[in-house]
file coords_33.tsv (TSV, C-alpha atoms and all ligand atoms)
chain	number	residue	atom	x	y	z
A	1	MET	CA	23.61	39.97	-7.32
A	2	ILE	CA	21.18	39.60	-4.45
A	3	PHE	CA	20.31	42.96	-2.93
A	4	GLU	CA	17.44	43.00	-0.45
A	5	GLN	CA	16.43	46.27	1.19
A	6	LEU	CA	14.21	45.61	4.19
A	7	PHE	CA	12.29	48.22	6.18
A	8	ASP	CA	11.54	48.26	9.90
A	9	LYS	CA	8.37	50.31	10.40
A	10	LYS	CA	8.87	51.04	14.09
A	11	SER	CA	12.24	52.76	13.67
A	12	SER	CA	12.05	53.48	9.89
A	13	THR	CA	15.33	51.60	9.53
A	14	TYR	CA	16.63	50.11	6.30
A	15	THR	CA	18.53	46.84	6.52
A	16	TYR	CA	20.47	45.45	3.58
A	17	ILE	CA	21.14	41.81	2.71
A	18	ILE	CA	23.85	41.47	0.08
A	19	SER	CA	25.32	38.50	-1.78
A	20	SER	CA	26.74	37.83	-5.23
A	21	GLY	CA	24.20	35.04	-5.77
A	22	LYS	CA	22.14	32.13	-4.51
A	23	GLY	CA	24.10	29.60	-2.48
A	24	ARG	CA	26.90	32.06	-1.76
A	25	GLU	CA	28.22	34.11	1.13
A	26	ALA	CA	26.10	37.00	2.40
A	27	LEU	CA	26.52	40.19	4.38
A	28	ILE	CA	23.95	42.20	6.35
A	29	ILE	CA	24.13	45.92	7.10
A	30	ASP	CA	22.20	47.53	9.99
A	31	PRO	CA	19.93	44.68	11.14
A	32	VAL	CA	17.11	45.30	13.63
A	33	ILE	CA	16.94	42.73	16.43
A	34	GLU	CA	13.18	42.12	16.24
A	35	SER	CA	13.53	41.13	12.56
A	36	THR	CA	16.21	38.50	13.09
A	37	ASN	CA	13.89	35.60	12.27
A	38	LYS	CA	12.89	37.32	9.03
A	39	TYR	CA	16.54	37.67	7.98
A	40	ILE	CA	17.28	34.04	8.85
A	41	LYS	CA	14.30	32.95	6.74
A	42	ILE	CA	15.45	34.99	3.72
A	43	LEU	CA	18.98	33.63	4.06
A	44	LYS	CA	17.63	30.10	4.23
A	45	ASN	CA	15.31	30.55	1.22
A	46	LEU	CA	18.19	31.83	-0.89
A	47	ASP	CA	20.60	29.23	0.48
A	48	LEU	CA	22.90	32.02	1.65
A	49	LYS	CA	25.60	31.70	4.26
A	50	LEU	CA	25.77	34.84	6.41
A	51	VAL	CA	29.45	35.52	7.07
A	52	LYS	CA	29.55	39.19	8.06
A	53	VAL	CA	27.27	41.71	9.75
A	54	ILE	CA	27.98	45.43	9.89
A	55	ASP	CA	26.47	48.29	11.89
A	56	THR	CA	27.15	51.71	10.38
A	57	HIS	CA	27.16	53.24	13.89
A	58	ILE	CA	25.81	52.70	17.42
A	59	HIS	CA	22.11	53.22	16.83
A	60	ALA	CA	20.00	55.19	19.30
A	61	ASP	CA	16.57	54.41	17.87
A	62	HIS	CA	16.56	50.61	17.78
A	63	ILE	CA	18.46	47.63	19.12
A	64	SER	CA	20.75	46.16	16.52
A	65	GLY	CA	20.42	42.54	15.42
A	66	LEU	CA	24.20	42.27	15.02
A	67	ASN	CA	24.92	40.10	18.04
A	68	GLU	CA	21.81	37.91	17.72
A	69	LEU	CA	22.65	37.19	14.07
A	70	SER	CA	26.21	36.34	15.03
A	71	LYS	CA	25.00	34.05	17.82
A	72	ARG	CA	22.76	32.19	15.35
A	73	THR	CA	25.04	32.06	12.29
A	74	LYS	CA	28.58	32.57	13.68
A	75	CYS	CA	29.03	35.51	11.30
A	76	SER	CA	31.69	38.15	12.12
A	77	LYS	CA	30.51	41.39	13.75
A	78	ILE	CA	32.02	44.50	12.18
A	79	MET	CA	32.01	48.21	13.01
A	80	GLY	CA	34.44	51.10	12.81
A	81	GLU	CA	37.32	51.20	15.26
A	82	GLN	CA	35.78	54.15	17.15
A	83	SER	CA	32.71	52.09	18.10
A	84	SER	CA	32.02	51.52	21.79
A	85	SER	CA	30.42	48.13	21.07
A	86	GLU	CA	31.86	45.45	23.34
A	87	VAL	CA	31.11	42.51	21.06
A	88	LEU	CA	32.91	43.20	17.79
A	89	ASP	CA	35.13	40.72	15.96
A	90	ILE	CA	36.51	43.18	13.41
A	91	ARG	CA	37.06	46.93	13.79
A	92	VAL	CA	37.71	48.70	10.52
A	93	LYS	CA	39.54	51.95	9.91
A	94	ASP	CA	38.95	54.39	7.07
A	95	ASN	CA	39.54	52.96	3.59
A	96	GLU	CA	39.68	49.26	4.43
A	97	LYS	CA	38.29	46.43	2.34
A	98	ILE	CA	35.54	44.18	3.67
A	99	LYS	CA	35.19	41.11	1.49
A	100	ILE	CA	32.75	38.26	1.10
A	101	GLU	CA	32.60	35.92	-1.90
A	102	ASN	CA	32.70	38.09	-5.09
A	103	ILE	CA	31.74	41.25	-3.16
A	104	GLU	CA	33.93	44.01	-1.82
A	105	LEU	CA	33.01	47.00	0.33
A	106	ILE	CA	35.31	49.89	1.17
A	107	SER	CA	34.95	51.51	4.57
A	108	MET	CA	34.77	55.29	4.79
A	109	HIS	CA	35.01	56.93	8.20
A	110	THR	CA	32.26	59.56	8.04
A	111	PRO	CA	31.88	60.95	11.59
A	112	GLY	CA	29.47	63.72	12.53
A	113	HIS	CA	26.20	61.98	13.33
A	114	THR	CA	28.25	59.96	15.83
A	115	ASP	CA	32.03	59.72	16.10
A	116	CYS	CA	31.84	56.03	15.12
A	117	SER	CA	29.77	56.53	11.94
A	118	TYR	CA	31.04	54.77	8.82
A	119	SER	CA	29.79	54.61	5.26
A	120	PHE	CA	30.47	51.63	3.03
A	121	LEU	CA	31.10	51.93	-0.69
A	122	MET	CA	30.19	49.00	-2.92
A	123	ASN	CA	30.88	49.78	-6.60
A	124	ASP	CA	27.91	51.84	-7.82
A	125	ARG	CA	26.35	52.40	-4.37
A	126	VAL	CA	27.19	53.69	-0.93
A	127	PHE	CA	25.58	52.80	2.39
A	128	THR	CA	25.61	56.04	4.31
A	129	GLY	CA	24.14	55.07	7.68
A	130	ASP	CA	22.74	58.27	9.23
A	131	ILE	CA	25.36	60.72	8.02
A	132	LEU	CA	23.64	61.31	4.66
A	133	LEU	CA	19.91	60.67	4.42
A	134	ILE	CA	17.61	61.23	1.46
A	135	ASN	CA	16.89	64.95	1.34
A	136	SER	CA	18.26	65.27	4.87
A	137	THR	CA	21.26	64.51	7.06
A	138	GLY	CA	21.72	62.86	10.44
A	139	ARG	CA	21.48	64.92	13.61
A	140	THR	CA	24.75	65.82	15.30
A	141	ASP	CA	23.69	66.64	18.85
A	142	PHE	CA	24.52	63.49	20.83
A	143	GLN	CA	26.80	60.41	20.88
A	144	ASN	CA	29.84	62.63	20.23
A	145	GLY	CA	28.21	64.04	17.13
A	146	SER	CA	29.71	67.16	15.57
A	147	SER	CA	28.30	69.37	12.86
A	148	HIS	CA	31.85	70.30	11.78
A	149	ASP	CA	32.83	66.64	11.44
A	150	ALA	CA	29.57	66.01	9.57
A	151	TYR	CA	30.29	68.84	7.16
A	152	HIS	CA	33.71	67.36	6.45
A	153	SER	CA	32.30	63.83	6.00
A	154	LEU	CA	29.60	65.10	3.65
A	155	PHE	CA	31.45	67.65	1.57
A	156	LYS	CA	34.99	66.25	1.55
A	157	LYS	CA	34.10	62.57	1.31
A	158	LEU	CA	30.60	61.50	0.29
A	159	LEU	CA	29.82	64.31	-2.15
A	160	LYS	CA	33.20	63.67	-3.83
A	161	LEU	CA	32.01	60.23	-4.95
A	162	PRO	CA	30.93	59.93	-8.61
A	163	GLU	CA	27.60	61.73	-9.07
A	164	LYS	CA	25.79	58.61	-10.28
A	165	THR	CA	26.64	56.72	-7.08
A	166	LEU	CA	23.45	55.41	-5.49
A	167	VAL	CA	22.83	56.45	-1.89
A	168	TYR	CA	21.32	53.88	0.45
A	169	PRO	CA	20.79	55.33	3.95
A	170	ALA	CA	19.99	53.62	7.26
A	171	HIS	CA	16.64	55.40	7.52
A	172	ASP	CA	13.97	57.12	5.56
A	173	TYR	CA	10.82	58.63	7.01
A	174	ASN	CA	9.10	59.47	3.71
A	175	GLY	CA	8.98	56.18	1.82
A	176	LYS	CA	12.01	56.88	-0.38
A	177	LYS	CA	14.34	53.94	-0.90
A	178	TYR	CA	17.46	55.45	-2.39
A	179	SER	CA	18.92	58.54	-3.98
A	180	THR	CA	22.07	59.53	-5.83
A	181	ILE	CA	25.01	61.71	-4.87
A	182	GLU	CA	24.03	64.08	-7.68
A	183	ASN	CA	20.48	64.42	-6.43
A	184	GLU	CA	21.59	65.03	-2.85
A	185	LYS	CA	24.23	67.53	-3.91
A	186	ASN	CA	21.69	69.52	-5.92
A	187	ASN	CA	18.50	69.14	-3.92
A	188	ASN	CA	19.17	68.20	-0.30
A	189	PRO	CA	18.23	71.42	1.56
A	190	ARG	CA	20.87	70.82	4.27
A	191	LEU	CA	23.63	70.64	1.66
A	192	GLN	CA	23.00	74.00	0.04
A	193	VAL	CA	25.59	75.67	2.29
A	194	LYS	CA	28.94	77.29	1.58
A	195	SER	CA	30.87	76.55	4.76
A	196	ALA	CA	31.12	74.35	7.85
A	197	GLU	CA	29.92	77.33	9.90
A	198	GLU	CA	26.80	77.67	7.79
A	199	TYR	CA	26.13	73.95	8.15
A	200	ALA	CA	26.66	74.14	11.93
A	201	GLU	CA	24.17	77.01	12.07
A	202	ILE	CA	21.48	74.74	10.58
A	203	MET	CA	22.36	71.68	12.68
A	204	ASP	CA	22.64	73.57	15.97
A	205	ASN	CA	19.15	74.97	15.56
A	206	LEU	CA	17.14	71.86	14.73
A	207	ASN	CA	15.73	71.61	18.28
A	208	LEU	CA	14.91	67.91	17.91
A	209	GLU	CA	13.50	65.79	20.72
A	210	PHE	CA	15.78	62.97	21.85
A	211	PRO	CA	14.67	59.54	20.56
A	212	GLU	CA	12.44	57.85	23.16
A	213	THR	CA	14.42	54.65	22.82
A	214	MET	CA	17.92	56.06	23.27
A	215	ASP	CA	18.34	55.25	26.98
A	216	ILE	CA	17.61	51.62	26.20
A	217	ALA	CA	19.03	51.26	22.70
A	218	ILE	CA	22.46	52.85	23.15
A	219	PRO	CA	23.54	50.74	26.17
A	220	ALA	CA	21.97	47.64	24.55
A	221	ASN	CA	23.98	48.22	21.39
A	222	ILE	CA	27.18	48.81	23.36
A	223	LYS	CA	26.64	45.56	25.30
A	224	GLY	CA	25.49	43.68	22.16
A	225	PHE	CA	22.05	42.54	23.27
A	226	THR	CA	20.61	39.30	21.94
A	227	LEU	CA	16.91	38.30	21.93
A	228	ASP	CA	17.42	36.70	25.37
A	229	HIS	CA	18.02	40.17	26.80
A	230	ILE	CA	14.79	41.67	25.49
A	231	ASN	CA	12.31	38.78	25.78
A	301	FE	FE	21.63	56.98	14.10
call {"tool": "encode", "arguments": {"input": "coords_33.tsv", "output": "structure tokens", "more": "lines below"}}
Ligand SMILES: [Fe+2]
result
Amino acid sequence: MIFEQLFDKKSSTYTYIISSGKGREALIIDPVIESTNKYIKILKNLDLKLVKVIDTHIHADHISGLNELSKRTKCSKIMGEQSSSEVLDIRVKDNEKIKIENIELISMHTPGHTDCSYSFLMNDRVFTGDILLINSTGRTDFQNGSSHDAYHSLFKKLLKLPEKTLVYPAHDYNGKKYSTIENEKNNNPRLQVKSAEEYAEIMDNLNLEFPETMDIAIPANIKGFTLDHIN
């Protein structure tokens, strides 16, 4: 299997390129628009055909490369059905299969960070977007976020996955690349709570600044900006 985890320094975003092997179909999760040429180069070097691109949610901290990649490769643009993106080809619901050659992902609706947040389970690993981060969890204070929804997504869905499941988030700010469900369950300080109310108490008192980029990134991601829009 080809599994490339790429890091965007500016937004601390992880992007994933996935394929069952050289010369086969590929899928990208959470691309960053400024890195489009890098992705195209990797795809070309590995003789991969990009057929699907997924955003886990409408990002507020960077402009997604979803529409630019689709413009260049004709790949299908996928998000959850709750997404406000105006450029999607496929809108998935909870528990749907997303297939490319020899690879299958299962969509999990995991709202809370935003109402359109999805995680994607691929055998031994899960792509959690911003709902579950390494040693942290995604904020719930804008884009229809909800700490109660987040609690439900975390405790009733993600933490119910097998403990050895690898966790690959959309961001990390401390240089960590992945975790496991077991590790997050036992050590993530935000997850050491007994109730949704206790979780809400933590999330409602984070007092975080809004991301500087959100006024640009959110509308750009809804409209599906391409490089033409930002150059
Ligand atoms: Fe986010």
call {"tool": "residues_near_point", "arguments": {"input": "coords_33.tsv", "point": "(18.2, 69.9, 13.7)", "cutoff": "10 Å", "atoms": "only C-alpha atoms", "output": "PyMOL selection string"}}
result
chain A and resi 136-141+190+200-209
call {"tool": "closest_residue", "arguments": {"input": "coords_33.tsv", "among": "A:Leu159, A:Ile90, A:Cys116, A:Leu121", "to": "Ser146 in chain A", "atoms": "only C-alpha atoms"}}
result
A:Cys116
call {"tool": "closest_atom_pairs", "arguments": {"input": "coords_33.tsv", "of": "chain A", "to": "ligand FE 301 (chain A)", "cutoff": "8 Å", "atoms": "all atoms listed in the file", "output": "Markdown table"}}
result
| residue | atom | partner | partner_atom | distance |
| --- | --- | --- | --- | --- |
| A:His57 | CA | A:FE301 | FE | 6.7 |
| A:Ile58 | CA | A:FE301 | FE | 6.8 |
| A:His59 | CA | A:FE301 | FE | 4.7 |
| A:Ala60 | CA | A:FE301 | FE | 5.7 |
| A:Asp61 | CA | A:FE301 | FE | 6.8 |
| A:His113 | CA | A:FE301 | FE | 6.8 |
| A:Thr114 | CA | A:FE301 | FE | 7.5 |
| A:Gly129 | CA | A:FE301 | FE | 7.2 |
| A:Asp130 | CA | A:FE301 | FE | 5.2 |
| A:Gly138 | CA | A:FE301 | FE | 6.9 |
| A:Arg139 | CA | A:FE301 | FE | 8.0 |
| A:Ala170 | CA | A:FE301 | FE | 7.8 |
call {"tool": "closest_residue", "arguments": {"input": "coords_33.tsv", "among": "A:Gly224, A:Ile29, A:His171, A:Glu182", "to": "Asp89 in chain A", "atoms": "only C-alpha atoms"}}
result
A:Gly224
call {"tool": "atom_distance", "arguments": {"input": "coords_33.tsv", "atom1": "CA of Arg91 in chain A", "atom2": "CA of Ile54 in chain A"}}
result
10.0 Å
call {"tool": "closest_residue", "arguments": {"input": "coords_33.tsv", "among": "A:Asn95, A:Thr15, A:Thr165, A:Ser85", "to": "Ser107 in chain A", "atoms": "all atoms listed in the file"}}
result
A:Asn95
call {"tool": "residues_near_point", "arguments": {"input": "coords_33.tsv", "point": "(17.0, 38.7, 22.6)", "cutoff": "12 Å", "atoms": "all atoms listed in the file", "output": "list in words"}}
result
Val32, Ile33, Glu34, Ser35, Thr36, Asn37, Ile63, Ser64, Gly65, Leu66, Asn67, Glu68, Leu69, Lys71, Arg72, Ala220, Asn221, Gly224, Phe225, Thr226, Leu227, Asp228, His229, Ile230 and Asn231 of chain A
call {"tool": "closest_residue", "arguments": {"input": "coords_33.tsv", "among": "A:Thr73, A:Met79, A:Phe7, A:Phe142", "to": "Ile222 in chain A", "atoms": "all atoms listed in the file"}}
result
A:Met79
call {"tool": "closest_residue", "arguments": {"input": "coords_33.tsv", "among": "A:Ile181, A:Leu191, A:Val51, A:Leu43", "to": "Glu163 in chain A", "atoms": "all atoms listed in the file"}}
result
A:Ile181
call {"tool": "closest_residue", "arguments": {"input": "coords_33.tsv", "among": "A:Ser12, A:Gln82, A:Asn174, A:Ser76", "to": "Ser117 in chain A", "atoms": "only C-alpha atoms"}}
result
A:Gln82
call {"tool": "atom_distance", "arguments": {"input": "coords_33.tsv", "atom1": "CA of Gly21 in chain A", "atom2": "CA of Lys176 in chain A"}}
result
25.6 Å
call {"tool": "atom_distance", "arguments": {"input": "coords_33.tsv", "atom1": "CA of Ala150 in chain A", "atom2": "CA of Asp172 in chain A"}}
result
18.4 Å
